[in-house]
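Read the structure below first, then the notes.
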Amino acid sequence: MPTHPSFPERLRAGSPLLTAWCGLPDPSVAGILAREAFDAVVLDMQHGAVDFPAALQAVPLVAAAGKPALVRLPVGDFATASRFLDAGGTGAIAPMINTVEDARRFAAFMKYPPTGERSWGAYGALPLTGMEPGDYLRKANDLTVSFAMVETREALAIVDDVLAVPGIDGVFVGPSDLSIALARGGGVNPTGAEVEKALDHVLARAKAAGKLAAVYAQSGDRAAELSAKGFHMVSIGNDIAMLRSGAHAALAAARA
């Protein structure tokens with residue numbers, strides 16, 4: 001049985017954790033990024049090209065680097081959360097959680113009874129954790145992390161209610177979508193004043209509830225700013241942006 005801190009325990013330890021963000025469907029990309037100094041890897045099944053088979057294949061590659069794998073689900077596809085956890089994934093981020101019922105349904109698929117309604121089938125989680133079935137069943141709810149996304153006016157208005165749902169471990173803010181919602185479709189500005197105010201509000205409410213707060217950052221510089229605010233987890237850019245940035249840097253150096 002593993003004795004090192006679980007990912008949720010590390011999230012609560014005080015230092016912000018930094019995660020890679022993968023939208024490319026080749027599982028080796030997640031495996032490569034897991035070998036860097038990221039604390040975890042997020043597989044994007046909402047806007048990225050990652051489907052469930054690709055996410056499934058990425059889990060052991062990420063685990064081989066000693067890192068946890070999380071997934072951002074397709075909108076409303078909460079059943080995929082259970083399947084991902086069964087495969088050995090560590091957590092899930094659910095987009096467009098706009099009602100308390102959305103949050104309850106998500107939590108039900110993330111946690112075993114009595115907190116939720118997750119059913120048994122942890123075929124990948126057992127060998128990755130090294131636990132016997134009974135131990136895993138007793139500990140799994142504390143080993144996995146569930147993030148409800150805050151990216152709309154509706155979610156922002158009920159953030160306290162979402163945080164109060166049993167089985168919801170925290171909230172994950174999507175600044176770009178939130179900026180669109182706050183501007184009523186007028187533009188995308190994830191670092192605007194209104195978004196900054198919303199970020200501070202969500203972070204404060206999460207900490208008041210004793211829950212986790214996570215956020216997406218467009219760059220390393222922005223990740224440093226959000227880490228300084230006190231977010232527990234910050235996802236940095238995405239694999240496509242990193243690929244392009246590396247290409248630009250290499251070309252600029254070659255042509256200097």
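All residue names refer to the structure tokens as shown: chains lettered A, B, ... in order, residues numbered from 1 in each chain, ligands numbered from 1 in order.
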Those of stretch 51-254 of chain A in DSSP strand (DSSP E or B), formatted as a VMD selection string: chain A and resid 69 to 72 91 to 94 145 to 150 170 to 173 212 to 217 233 to 236
message: Quick one: residues within 9 Å of stretch 189-197 of chain A, only C-alpha atoms, excluding same-chain residues fewer than 6 positions away - as a list in words?
response: Gly174, Pro175, Ser176, Asp177, Leu178, Ser179, Ile180, Leu182, Ala183, Ala217, Gln218 and Arg222 of chain A
Keeping only N, CA and C atoms, take the residues you just selected and write them out as a compact mmCIF listing (two decimals), in the first residue's frame.
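Output contents, as saved in selection04.txt:
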```
# COMPACT_ATOMS: atom_id res chain seq x y z
N GLY A 174 -12.57 28.59 -15.03
CA GLY A 174 -12.15 28.78 -16.41
C GLY A 174 -12.24 30.26 -16.74
N PRO A 175 -11.14 31.02 -16.64
CA PRO A 175 -11.21 32.48 -16.79
C PRO A 175 -11.70 32.96 -18.15
N SER A 176 -11.36 32.25 -19.22
CA SER A 176 -11.78 32.72 -20.55
C SER A 176 -13.29 32.64 -20.70
N ASP A 177 -13.87 31.47 -20.41
CA ASP A 177 -15.33 31.35 -20.50
C ASP A 177 -16.02 32.28 -19.52
N LEU A 178 -15.44 32.42 -18.32
CA LEU A 178 -16.06 33.31 -17.35
C LEU A 178 -16.04 34.75 -17.85
N SER A 179 -14.95 35.14 -18.53
CA SER A 179 -14.89 36.50 -19.06
C SER A 179 -15.94 36.73 -20.14
N ILE A 180 -16.17 35.71 -20.96
CA ILE A 180 -17.22 35.82 -21.99
C ILE A 180 -18.58 35.97 -21.34
N LEU A 182 -19.27 37.06 -18.25
CA LEU A 182 -19.40 38.33 -17.54
C LEU A 182 -19.56 39.50 -18.50
N ALA A 183 -18.98 39.38 -19.71
CA ALA A 183 -19.12 40.43 -20.73
C ALA A 183 -20.36 40.22 -21.58
N ALA A 217 -4.44 28.80 -16.32
CA ALA A 217 -3.61 29.96 -16.65
C ALA A 217 -3.12 29.84 -18.08
N GLN A 218 -3.12 30.93 -18.81
CA GLN A 218 -2.73 30.90 -20.22
C GLN A 218 -1.23 30.80 -20.41
N ARG A 222 1.34 34.00 -16.01
CA ARG A 222 0.01 34.10 -15.41
C ARG A 222 -0.16 33.05 -14.31
```
task: Find the spatial neighbours of A:Arg83, counting only C-alpha atoms, within a cut-off of 10 Å - ignore same-chain residues fewer than 2 positions away - and output them as a list of chain:residue names.
output: A:Phe52, A:Leu56, A:Phe78, A:Ala79, A:Thr80, A:Ala81, A:Leu85, A:Asp86, A:Ala87, A:Gly88, A:Gly89, A:Phe109, A:Met110, A:Arg118, A:Ser119, A:Gly121, A:Ala122, A:Tyr123, A:Gly124
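Every protein or nucleic acid residue with an atom no more than 10 Å from A:Gly210, counting only C-alpha atoms and leaving out same-chain residues fewer than 4 positions away, appears here: Arg12, Leu163, Ala164, Asp169, Gly170, Ala204, Arg205 and Ala206 of chain A.
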Give me the residues within 7 Å of A:Pro74 as a short mmCIF file (atom, residue, chain, number, x, y, z; two decimals) with C-alpha atoms, in the first residue's frame, counting only C-alpha atoms and dropping any in the same chain fewer than 2 places off.
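Saved to out-v2.cif:
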```
data_model
loop_
_atom_site.label_atom_id
_atom_site.label_comp_id
_atom_site.auth_asym_id
_atom_site.auth_seq_id
_atom_site.Cartn_x
_atom_site.Cartn_y
_atom_site.Cartn_z
CA MET A 45 -11.89 15.71 -23.27
CA GLN A 46 -14.08 18.81 -23.60
CA ARG A 72 -11.72 17.39 -17.96
CA GLY A 76 -22.58 16.54 -18.78
CA ASP A 77 -20.79 13.22 -19.29
#
```
Using only C-alpha atoms, I'd like a table of the residues in stretch 50-73 of chain A that come within 12 Å of stretch 137-151 of chain A; for each, show the closest atom pair and its distance in Å rounded to one decimal, ordered by chain and ascending number, as CSV.
```
residue,atom,partner,partner_atom,distance
A:Pro68,CA,A:Thr144,CA,9.9
A:Ala69,CA,A:Thr144,CA,10.4
A:Leu70,CA,A:Val145,CA,8.7
A:Val71,CA,A:Ser146,CA,10.0
A:Arg72,CA,A:Phe147,CA,9.1
A:Leu73,CA,A:Ala148,CA,10.5
```
task: Would you mind listing what lies within 10 Å of A:Gly66 as an MDAnalysis selection string, with only C-alpha atoms counted and same-chain residues fewer than 5 positions away left out?
output: chainID A and resid 34:35 39:40 60:61
Separation of atom CA of A:Thr19 from atom CA of A:Met233, in Å and rounded to one decimal: 7.3 Å
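Our summary of the geometry notes that atom CA of A:Ala249 is positioned 16.4 Å from atom CA of A:Asp221.
Nearest to A:Phe106 of all the residues A:Gly91, A:Pro5, A:Gly167, A:Gly130 is A:Gly167, counting only C-alpha atoms.
Between A:Leu226 and the candidates A:Ala54, A:Arg10, A:Pro16, A:Ala92, the tightest atom-to-atom separation, counting only C-alpha atoms, involves A:Pro16.
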